[in-house]
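This is coords_12.pdb (PDB, C-alpha atoms and all ligand atoms).
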```
MODEL        1
ATOM      1  CA  ILE N   1      25.721 -28.170  28.543  1.00  0.00           C
ATOM      2  CA  SER N   2      23.612 -26.541  31.250  1.00  0.00           C
ATOM      3  CA  LEU N   3      20.396 -24.686  30.558  1.00  0.00           C
ATOM      4  CA  HIS N   4      22.072 -21.518  31.855  1.00  0.00           C
ATOM      5  CA  SER N   5      24.956 -21.816  29.355  1.00  0.00           C
ATOM      6  CA  LEU N   6      22.459 -22.468  26.564  1.00  0.00           C
ATOM      7  CA  ILE N   7      20.534 -19.299  27.405  1.00  0.00           C
ATOM      8  CA  THR N   8      23.659 -17.150  27.403  1.00  0.00           C
ATOM      9  CA  LEU N   9      24.902 -18.725  24.142  1.00  0.00           C
ATOM     10  CA  MET N  10      21.636 -18.452  22.214  1.00  0.00           C
ATOM     11  CA  PRO N  11      21.355 -15.248  20.221  1.00  0.00           C
ATOM     12  CA  GLY N  12      17.630 -15.894  19.780  1.00  0.00           C
ATOM     13  CA  ILE N  13      15.837 -14.693  16.681  1.00  0.00           C
ATOM     14  CA  LEU N  14      16.929 -11.467  15.034  1.00  0.00           C
ATOM     15  CA  LEU N  15      14.974  -9.126  12.768  1.00  0.00           C
ATOM     16  CA  GLY N  16      14.832 -10.572   9.257  1.00  0.00           C
ATOM     17  CA  ASP N  17      15.505 -14.165  10.383  1.00  0.00           C
ATOM     18  CA  VAL N  18      13.131 -16.871   9.148  1.00  0.00           C
ATOM     19  CA  LEU N  19      11.504 -18.409  12.211  1.00  0.00           C
ATOM     20  CA  PRO N  20      12.140 -22.152  12.393  1.00  0.00           C
ATOM     21  CA  ASN N  21       9.309 -24.433  11.281  1.00  0.00           C
ATOM     22  CA  PHE N  22       9.167 -26.000  14.751  1.00  0.00           C
ATOM     23  CA  GLU N  23       6.741 -28.720  15.792  1.00  0.00           C
ATOM     24  CA  ALA N  24       4.876 -28.100  19.022  1.00  0.00           C
ATOM     25  CA  GLU N  25       2.181 -29.550  21.228  1.00  0.00           C
ATOM     26  CA  THR N  26      -0.571 -26.998  21.721  1.00  0.00           C
ATOM     27  CA  THR N  27      -4.085 -26.695  23.083  1.00  0.00           C
ATOM     28  CA  ILE N  28      -5.369 -27.472  19.559  1.00  0.00           C
ATOM     29  CA  GLY N  29      -3.050 -30.471  19.058  1.00  0.00           C
ATOM     30  CA  LYS N  30       0.324 -30.804  17.379  1.00  0.00           C
ATOM     31  CA  ILE N  31       1.234 -28.013  14.952  1.00  0.00           C
ATOM     32  CA  LYS N  32       4.061 -27.153  12.584  1.00  0.00           C
ATOM     33  CA  PHE N  33       4.594 -23.432  12.862  1.00  0.00           C
ATOM     34  CA  HIS N  34       4.812 -22.553   9.155  1.00  0.00           C
ATOM     35  CA  GLU N  35       1.747 -24.629   8.290  1.00  0.00           C
ATOM     36  CA  PHE N  36      -0.107 -23.031  11.196  1.00  0.00           C
ATOM     37  CA  LEU N  37       0.688 -19.570   9.782  1.00  0.00           C
ATOM     38  CA  GLY N  38      -0.132 -20.422   6.162  1.00  0.00           C
ATOM     39  CA  ASN N  39       0.192 -17.207   4.149  1.00  0.00           C
ATOM     40  CA  SER N  40      -0.875 -14.988   7.031  1.00  0.00           C
ATOM     41  CA  TRP N  41       1.062 -12.744   9.361  1.00  0.00           C
ATOM     42  CA  GLY N  42       1.642 -14.228  12.806  1.00  0.00           C
ATOM     43  CA  ILE N  43       2.175 -13.194  16.395  1.00  0.00           C
ATOM     44  CA  LEU N  44       3.904 -15.523  18.835  1.00  0.00           C
ATOM     45  CA  PHE N  45       3.943 -14.285  22.422  1.00  0.00           C
ATOM     46  CA  SER N  46       5.408 -16.029  25.427  1.00  0.00           C
ATOM     47  CA  HIS N  47       4.370 -16.125  29.074  1.00  0.00           C
ATOM     48  CA  PRO N  48       6.449 -16.924  32.156  1.00  0.00           C
ATOM     49  CA  ARG N  49       4.056 -19.501  33.574  1.00  0.00           C
ATOM     50  CA  ASP N  50       0.450 -20.751  33.685  1.00  0.00           C
ATOM     51  CA  PHE N  51      -1.814 -19.668  36.542  1.00  0.00           C
ATOM     52  CA  THR N  52       0.067 -16.411  37.151  1.00  0.00           C
ATOM     53  CA  PRO N  53      -1.821 -13.146  37.551  1.00  0.00           C
ATOM     54  CA  VAL N  54      -0.251 -10.818  34.963  1.00  0.00           C
ATOM     55  CA  CYS N  55      -0.231 -13.539  32.280  1.00  0.00           C
ATOM     56  CA  THR N  56      -3.913 -14.185  32.903  1.00  0.00           C
ATOM     57  CA  THR N  57      -4.775 -10.505  32.353  1.00  0.00           C
ATOM     58  CA  GLU N  58      -2.679 -10.435  29.183  1.00  0.00           C
ATOM     59  CA  LEU N  59      -4.219 -13.555  27.661  1.00  0.00           C
ATOM     60  CA  ALA N  60      -7.716 -12.366  28.556  1.00  0.00           C
ATOM     61  CA  ARG N  61      -7.019  -9.088  26.744  1.00  0.00           C
ATOM     62  CA  ALA N  62      -5.478 -10.912  23.763  1.00  0.00           C
ATOM     63  CA  ALA N  63      -8.552 -13.170  23.564  1.00  0.00           C
ATOM     64  CA  LYS N  64     -10.835 -10.130  23.663  1.00  0.00           C
ATOM     65  CA  LEU N  65      -8.883  -8.539  20.806  1.00  0.00           C
ATOM     66  CA  HIS N  66      -8.661 -11.622  18.595  1.00  0.00           C
ATOM     67  CA  GLU N  67     -11.118 -10.211  16.023  1.00  0.00           C
ATOM     68  CA  GLU N  68      -8.795  -7.198  15.628  1.00  0.00           C
ATOM     69  CA  PHE N  69      -5.879  -9.524  14.884  1.00  0.00           C
ATOM     70  CA  LYS N  70      -8.077 -11.510  12.469  1.00  0.00           C
ATOM     71  CA  LYS N  71      -9.042  -8.306  10.602  1.00  0.00           C
ATOM     72  CA  ARG N  72      -5.326  -7.733  10.040  1.00  0.00           C
ATOM     73  CA  ASP N  73      -4.833 -11.359   8.945  1.00  0.00           C
ATOM     74  CA  VAL N  74      -2.563 -12.071  11.930  1.00  0.00           C
ATOM     75  CA  LYS N  75      -2.643 -15.619  13.359  1.00  0.00           C
ATOM     76  CA  MET N  76      -2.174 -15.578  17.133  1.00  0.00           C
ATOM     77  CA  ILE N  77      -0.317 -18.179  19.158  1.00  0.00           C
ATOM     78  CA  ALA N  78       0.860 -18.009  22.769  1.00  0.00           C
ATOM     79  CA  LEU N  79       3.531 -20.057  24.558  1.00  0.00           C
ATOM     80  CA  SER N  80       4.026 -20.961  28.185  1.00  0.00           C
ATOM     81  CA  ILE N  81       6.337 -23.472  29.829  1.00  0.00           C
ATOM     82  CA  ASP N  82       3.630 -25.749  31.230  1.00  0.00           C
ATOM     83  CA  SER N  83       1.722 -28.741  29.847  1.00  0.00           C
ATOM     84  CA  VAL N  84      -1.269 -28.836  27.479  1.00  0.00           C
ATOM     85  CA  GLU N  85      -3.363 -30.103  30.384  1.00  0.00           C
ATOM     86  CA  ASP N  86      -2.413 -27.074  32.516  1.00  0.00           C
ATOM     87  CA  HIS N  87      -3.001 -24.738  29.564  1.00  0.00           C
ATOM     88  CA  ARG N  88      -6.522 -26.144  29.084  1.00  0.00           C
ATOM     89  CA  LYS N  89      -7.414 -25.657  32.760  1.00  0.00           C
ATOM     90  CA  TRP N  90      -5.838 -22.202  32.791  1.00  0.00           C
ATOM     91  CA  SER N  91      -7.785 -21.245  29.618  1.00  0.00           C
ATOM     92  CA  GLU N  92     -11.004 -21.538  31.619  1.00  0.00           C
ATOM     93  CA  ASP N  93      -9.679 -18.970  34.127  1.00  0.00           C
ATOM     94  CA  ILE N  94      -8.576 -16.722  31.275  1.00  0.00           C
ATOM     95  CA  MET N  95     -11.923 -16.766  29.508  1.00  0.00           C
ATOM     96  CA  SER N  96     -13.880 -16.325  32.736  1.00  0.00           C
ATOM     97  CA  PHE N  97     -11.647 -13.347  33.571  1.00  0.00           C
ATOM     98  CA  ASN N  98     -13.215 -11.601  30.589  1.00  0.00           C
ATOM     99  CA  GLN N  99     -16.706 -12.519  31.845  1.00  0.00           C
ATOM    100  CA  ASP N 100     -17.558 -12.992  28.202  1.00  0.00           C
ATOM    101  CA  LYS N 101     -20.182 -15.706  28.221  1.00  0.00           C
ATOM    102  CA  ALA N 102     -20.628 -15.565  24.458  1.00  0.00           C
ATOM    103  CA  CYS N 103     -17.095 -16.757  23.891  1.00  0.00           C
ATOM    104  CA  CYS N 104     -15.994 -19.573  26.180  1.00  0.00           C
ATOM    105  CA  ALA N 105     -13.178 -21.239  24.249  1.00  0.00           C
ATOM    106  CA  MET N 106      -9.770 -19.601  23.806  1.00  0.00           C
ATOM    107  CA  PRO N 107      -9.762 -18.213  20.254  1.00  0.00           C
ATOM    108  CA  PHE N 108      -6.096 -19.121  19.675  1.00  0.00           C
ATOM    109  CA  PRO N 109      -3.776 -21.918  20.793  1.00  0.00           C
ATOM    110  CA  ILE N 110      -1.174 -21.973  23.560  1.00  0.00           C
ATOM    111  CA  ILE N 111       2.036 -23.919  22.963  1.00  0.00           C
ATOM    112  CA  ALA N 112       3.078 -26.297  25.750  1.00  0.00           C
ATOM    113  CA  ASP N 113       6.834 -25.820  26.081  1.00  0.00           C
ATOM    114  CA  ASP N 114       7.209 -27.710  29.347  1.00  0.00           C
ATOM    115  CA  LYS N 115      10.719 -28.878  28.401  1.00  0.00           C
ATOM    116  CA  ARG N 116      11.708 -25.292  27.491  1.00  0.00           C
ATOM    117  CA  GLU N 117      13.120 -26.554  24.165  1.00  0.00           C
ATOM    118  CA  LEU N 118      11.373 -23.948  22.068  1.00  0.00           C
ATOM    119  CA  SER N 119      12.084 -21.188  24.573  1.00  0.00           C
ATOM    120  CA  VAL N 120      15.798 -21.966  24.312  1.00  0.00           C
ATOM    121  CA  LEU N 121      15.648 -22.197  20.500  1.00  0.00           C
ATOM    122  CA  LEU N 122      13.912 -18.818  20.221  1.00  0.00           C
ATOM    123  CA  GLY N 123      15.918 -17.098  22.981  1.00  0.00           C
ATOM    124  CA  MET N 124      12.882 -16.521  25.170  1.00  0.00           C
ATOM    125  CA  LEU N 125      14.254 -17.441  28.606  1.00  0.00           C
ATOM    126  CA  ASP N 126      15.100 -14.740  31.151  1.00  0.00           C
ATOM    127  CA  PRO N 127      18.024 -15.925  33.310  1.00  0.00           C
ATOM    128  CA  ASP N 128      17.092 -13.386  36.000  1.00  0.00           C
ATOM    129  CA  GLU N 129      13.565 -14.737  36.500  1.00  0.00           C
ATOM    130  CA  ARG N 130      13.525 -18.194  38.126  1.00  0.00           C
ATOM    131  CA  ASP N 131      10.929 -20.601  39.400  1.00  0.00           C
ATOM    132  CA  LYS N 132      11.085 -22.201  42.869  1.00  0.00           C
ATOM    133  CA  ASP N 133      13.472 -24.895  41.529  1.00  0.00           C
ATOM    134  CA  GLY N 134      15.866 -22.246  40.181  1.00  0.00           C
ATOM    135  CA  MET N 135      14.874 -22.866  36.543  1.00  0.00           C
ATOM    136  CA  PRO N 136      14.654 -19.780  34.303  1.00  0.00           C
ATOM    137  CA  LEU N 137      11.213 -18.614  33.202  1.00  0.00           C
ATOM    138  CA  THR N 138      10.234 -17.291  29.804  1.00  0.00           C
ATOM    139  CA  ALA N 139      10.210 -13.534  29.407  1.00  0.00           C
ATOM    140  CA  ARG N 140       7.216 -11.807  27.812  1.00  0.00           C
ATOM    141  CA  CYS N 141       8.442 -11.965  24.225  1.00  0.00           C
ATOM    142  CA  VAL N 142       6.437 -10.668  21.289  1.00  0.00           C
ATOM    143  CA  PHE N 143       7.462 -11.899  17.842  1.00  0.00           C
ATOM    144  CA  VAL N 144       5.572 -10.585  14.832  1.00  0.00           C
ATOM    145  CA  VAL N 145       6.192 -12.652  11.709  1.00  0.00           C
ATOM    146  CA  GLY N 146       5.415 -11.617   8.135  1.00  0.00           C
ATOM    147  CA  PRO N 147       3.843 -13.858   5.458  1.00  0.00           C
ATOM    148  CA  ASP N 148       7.441 -14.672   4.402  1.00  0.00           C
ATOM    149  CA  LYS N 149       7.944 -16.221   7.911  1.00  0.00           C
ATOM    150  CA  ARG N 150      10.611 -13.623   8.717  1.00  0.00           C
ATOM    151  CA  LEU N 151      10.743 -11.764  12.006  1.00  0.00           C
ATOM    152  CA  LYS N 152       9.368  -8.237  11.470  1.00  0.00           C
ATOM    153  CA  LEU N 153       9.335  -7.086  15.090  1.00  0.00           C
ATOM    154  CA  SER N 154      10.348  -8.318  18.496  1.00  0.00           C
ATOM    155  CA  ILE N 155       9.669  -6.771  21.883  1.00  0.00           C
ATOM    156  CA  LEU N 156      10.892  -8.235  25.161  1.00  0.00           C
ATOM    157  CA  TYR N 157       9.345  -7.456  28.513  1.00  0.00           C
ATOM    158  CA  PRO N 158      10.362  -8.874  31.882  1.00  0.00           C
ATOM    159  CA  ALA N 159       7.876 -11.065  33.760  1.00  0.00           C
ATOM    160  CA  THR N 160       6.945  -8.226  36.116  1.00  0.00           C
ATOM    161  CA  THR N 161       5.740  -5.887  33.327  1.00  0.00           C
ATOM    162  CA  GLY N 162       2.567  -6.781  31.444  1.00  0.00           C
ATOM    163  CA  ARG N 163       2.267  -5.881  27.768  1.00  0.00           C
ATOM    164  CA  ASN N 164      -0.029  -3.339  26.099  1.00  0.00           C
ATOM    165  CA  PHE N 165      -1.990  -5.118  23.366  1.00  0.00           C
ATOM    166  CA  ASP N 166      -3.288  -1.833  21.914  1.00  0.00           C
ATOM    167  CA  GLU N 167       0.351  -0.943  21.259  1.00  0.00           C
ATOM    168  CA  ILE N 168       0.921  -4.347  19.671  1.00  0.00           C
ATOM    169  CA  LEU N 169      -1.992  -3.760  17.256  1.00  0.00           C
ATOM    170  CA  ARG N 170      -0.631  -0.273  16.551  1.00  0.00           C
ATOM    171  CA  VAL N 171       2.810  -1.595  15.588  1.00  0.00           C
ATOM    172  CA  ILE N 172       1.204  -4.296  13.413  1.00  0.00           C
ATOM    173  CA  ASP N 173      -0.653  -1.515  11.548  1.00  0.00           C
ATOM    174  CA  SER N 174       2.674   0.243  11.039  1.00  0.00           C
ATOM    175  CA  LEU N 175       4.453  -2.955   9.952  1.00  0.00           C
ATOM    176  CA  GLN N 176       1.741  -3.806   7.429  1.00  0.00           C
ATOM    177  CA  LEU N 177       1.645  -0.279   6.009  1.00  0.00           C
ATOM    178  CA  THR N 178       5.419   0.082   5.720  1.00  0.00           C
ATOM    179  CA  ALA N 179       5.741  -3.411   4.196  1.00  0.00           C
ATOM    180  CA  THR N 180       4.060  -2.159   1.011  1.00  0.00           C
ATOM    181  CA  LYS N 181       4.626   1.627   0.949  1.00  0.00           C
ATOM    182  CA  LYS N 182       7.885   3.581   1.068  1.00  0.00           C
ATOM    183  CA  VAL N 183       6.911   5.344   4.272  1.00  0.00           C
ATOM    184  CA  ALA N 184       7.771   5.194   7.963  1.00  0.00           C
ATOM    185  CA  THR N 185       5.463   5.955  10.875  1.00  0.00           C
ATOM    186  CA  PRO N 186       6.495   8.709  13.313  1.00  0.00           C
ATOM    187  CA  VAL N 187       6.275   8.779  17.087  1.00  0.00           C
ATOM    188  CA  ASP N 188       2.877   7.818  18.542  1.00  0.00           C
ATOM    189  CA  TRP N 189       1.475   7.350  15.007  1.00  0.00           C
ATOM    190  CA  LYS N 190      -2.000   5.932  14.640  1.00  0.00           C
ATOM    191  CA  PRO N 191      -3.727   4.665  11.465  1.00  0.00           C
ATOM    192  CA  GLY N 192      -5.164   7.536   9.430  1.00  0.00           C
ATOM    193  CA  GLN N 193      -2.469   9.979  10.510  1.00  0.00           C
ATOM    194  CA  GLU N 194       0.298  11.365   8.300  1.00  0.00           C
ATOM    195  CA  VAL N 195       3.440   9.325   7.799  1.00  0.00           C
ATOM    196  CA  MET N 196       7.064  10.147   6.906  1.00  0.00           C
ATOM    197  CA  VAL N 197       8.671   9.706   3.501  1.00  0.00           C
ATOM    198  CA  ILE N 198      11.590   7.315   4.025  1.00  0.00           C
ATOM    199  CA  PRO N 199      15.024   8.974   3.895  1.00  0.00           C
ATOM    200  CA  SER N 200      16.291   6.870   0.948  1.00  0.00           C
ATOM    201  CA  LEU N 201      13.633   8.359  -1.364  1.00  0.00           C
ATOM    202  CA  SER N 202      14.565  11.551  -3.270  1.00  0.00           C
ATOM    203  CA  ASP N 203      12.092  14.450  -3.466  1.00  0.00           C
ATOM    204  CA  GLU N 204      11.513  13.602  -7.152  1.00  0.00           C
ATOM    205  CA  GLU N 205      10.751   9.967  -6.350  1.00  0.00           C
ATOM    206  CA  ALA N 206       8.475  11.000  -3.470  1.00  0.00           C
ATOM    207  CA  ASN N 207       6.494  13.321  -5.744  1.00  0.00           C
ATOM    208  CA  LYS N 208       5.999  10.484  -8.221  1.00  0.00           C
ATOM    209  CA  LEU N 209       5.019   7.936  -5.559  1.00  0.00           C
ATOM    210  CA  PHE N 210       2.666  10.079  -3.488  1.00  0.00           C
ATOM    211  CA  PRO N 211      -0.058  11.791  -5.547  1.00  0.00           C
ATOM    212  CA  ALA N 212      -0.658  14.323  -2.721  1.00  0.00           C
ATOM    213  CA  GLY N 213       3.089  15.118  -2.655  1.00  0.00           C
ATOM    214  CA  PHE N 214       4.703  15.827   0.698  1.00  0.00           C
ATOM    215  CA  THR N 215       5.159  18.674   3.129  1.00  0.00           C
ATOM    216  CA  LEU N 216       8.504  19.660   4.512  1.00  0.00           C
ATOM    217  CA  LYS N 217       9.138  20.622   8.113  1.00  0.00           C
ATOM    218  CA  GLU N 218      11.795  23.337   8.328  1.00  0.00           C
ATOM    219  CA  VAL N 219      14.459  22.780  10.974  1.00  0.00           C
ATOM    220  CA  PRO N 220      17.446  24.896  12.188  1.00  0.00           C
ATOM    221  CA  SER N 221      20.004  22.696  10.371  1.00  0.00           C
ATOM    222  CA  GLY N 222      18.380  23.683   7.065  1.00  0.00           C
ATOM    223  CA  LYS N 223      18.411  20.017   6.092  1.00  0.00           C
ATOM    224  CA  LYS N 224      15.278  18.907   4.265  1.00  0.00           C
ATOM    225  CA  TYR N 225      14.711  15.515   5.796  1.00  0.00           C
ATOM    226  CA  ILE N 226      11.433  15.707   7.715  1.00  0.00           C
ATOM    227  CA  ARG N 227       8.881  15.079   4.982  1.00  0.00           C
ATOM    228  CA  TYR N 228       5.266  14.224   5.794  1.00  0.00           C
ATOM    229  CA  THR N 229       2.882  12.571   3.387  1.00  0.00           C
ATOM    230  CA  LYS N 230      -0.481  10.796   3.278  1.00  0.00           C
ATOM    231  CA  PRO N 231      -0.077   7.046   2.880  1.00  0.00           C
TER     232      PRO N 231
HETATM  233  C1  LIG R 301       2.656 -13.005  36.430  1.00  0.00           C
HETATM  234  O1  LIG R 301       2.251 -13.369  35.332  1.00  0.00           O
HETATM  235  O2  LIG R 301       1.908 -12.459  37.219  1.00  0.00           O
HETATM  236  C2  LIG R 301       4.105 -13.187  36.831  1.00  0.00           C
HETATM  237  C3  LIG R 301       4.798 -14.305  36.379  1.00  0.00           C
HETATM  238  C4  LIG R 301       6.129 -14.466  36.785  1.00  0.00           C
HETATM  239  C5  LIG R 301       6.730 -13.505  37.576  1.00  0.00           C
HETATM  240  C6  LIG R 301       6.021 -12.375  37.969  1.00  0.00           C
HETATM  241  C7  LIG R 301       4.697 -12.222  37.602  1.00  0.00           C
ENDMDL
END
```
Representation of the structure as structure tokens:
Amino acid sequence: ISLHSLITLMPGILLGDVLPNFEAETTIGKIKFHEFLGNSWGILFSHPRDFTPVCTTELARAAKLHEEFKKRDVKMIALSIDSVEDHRKWSEDIMSFNQDKACCAMPFPIIADDKRELSVLLGMLDPDERDKDGMPLTARCVFVVGPDKRLKLSILYPATTGRNFDEILRVIDSLQLTATKKVATPVDWKPGQEVMVIPSLSDEEANKLFPAGFTLKEVPSGKKYIRYTKP
């Protein structure tokens, strides 16, 4: 079966799926994904190729933000379809891009998926983005995994659009809040702001759960469904 048929057949990983406990070669040696995560949250993000400009800016930003991920107990791991040797050389470019002399080693590993096996397994390849040999490149996938190893969020970007890591931290804050409280975060929400009571909760239940109660936003339909509360 051709790589192209595999890509079109693979559904990839869907929300709620347990990510496979794959083995991979990385810049910190061989890992098994579940053991690497332990009981933490995880973020696995893919890159089209080593030594490419947008990827370098993204990894430099991710490296700069690694303390923010650590504060949230999120283990970071990147993937690109080149070798460990290339990843190690590229890491020097990435860290020098930050001009951060205090921190010269990459603070998280990069998976070497030079055979594209993992990219196929996880549905990461973009059939529209090819290298000079016509082989598909990995898209910019973001998979956030909970401590139960299940996929909590996925975002896919094409190779030509770099990600926003502030947004990724923002959605992790939302995921971690809504994992334990019966709330949902509205548009453009930031930590500290009001949240929404989830629709499945009755007013009585909401009053019991949220000591500060909730406020209702009146709307023309007269339906009482927009309820704000403090998390
Ligand atoms: C980049 O990272 O700059 C890039 C990689 C593949 C296609 C386009 C851009």
Evaluate the PyMOL selection byres (((not hetatm)) within 7 of (chain R and resi 301)) and report residues as a PyMOL selection string: chain N and resi 48-49+52-56+159-160
Given the selection you just returned, output its residues as a file containing C-alpha atoms, formatted as a compact mmCIF listing (two decimals), in the frame of the given file.
```txt
# COMPACT_ATOMS: atom_id res chain seq x y z
CA PRO N 48 6.45 -16.92 32.16
CA ARG N 49 4.06 -19.50 33.57
CA THR N 52 0.07 -16.41 37.15
CA PRO N 53 -1.82 -13.15 37.55
CA VAL N 54 -0.25 -10.82 34.96
CA CYS N 55 -0.23 -13.54 32.28
CA THR N 56 -3.91 -14.18 32.90
CA ALA N 159 7.88 -11.06 33.76
CA THR N 160 6.94 -8.23 36.12
```
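Between N:Phe165 and the residues N:Thr138, N:Thr180, N:Thr27, N:Thr57, the shortest atom-to-atom distance, using all atoms listed in the file, involves N:Thr57.
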Given the PyMOL selection byres (((chain N and resi 203) around 12) and not hetatm), the residues it picks as a VMD selection string: chain N and resid 197 to 202 204 to 210 213 to 216 224 to 229
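In this structure, atom CA of N:Pro211 sits 8.9 Å away from atom CA of N:Lys230.
Taking all atoms listed in the file into account, the polymer residues that have an atom no farther than 7 Å from (-2.8, -13.4, 11.6) are Ser40, Trp41, Gly42, Ile43, Phe69, Lys70, Arg72, Asp73, Val74, Lys75 and Met76 of chain N.
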Contacts of N:Lys149 at 10 Å (only C-alpha atoms; same-chain gap of 2+ positions) as a list of chain:residue names: N:Gly16, N:Asp17, N:Val18, N:Leu19, N:Pro20, N:Asn21, N:Phe33, N:His34, N:Leu37, N:Gly38, N:Asn39, N:Ser40, N:Trp41, N:Gly42, N:Val144, N:Val145, N:Gly146, N:Pro147, N:Leu151, N:Lys152
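Distances here use all atoms listed in the file; by that measure, the residue among N:Pro231, N:Met95, N:Phe108, N:Gly222 closest to N:Lys190 is N:Pro231.
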Explicit residue set for the PyMOL selection byres (((chain N and resi 154-158) around 10) and not hetatm), as a count of residues only: 32
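Between atom CA of N:Trp90 and atom CA of N:Phe36 the separation is 22.4 Å.
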Contact residues around N:Pro186 with only C-alpha atoms at 10 Å, ignoring same-chain residues under 4 positions, as a ChimeraX atom specification: /N:174,190,193-196,228
Among listed residues N:Ile31, N:Ile110, N:Val187, N:Leu118, nearest N:Gly12 (using all atoms listed in the file): N:Leu118
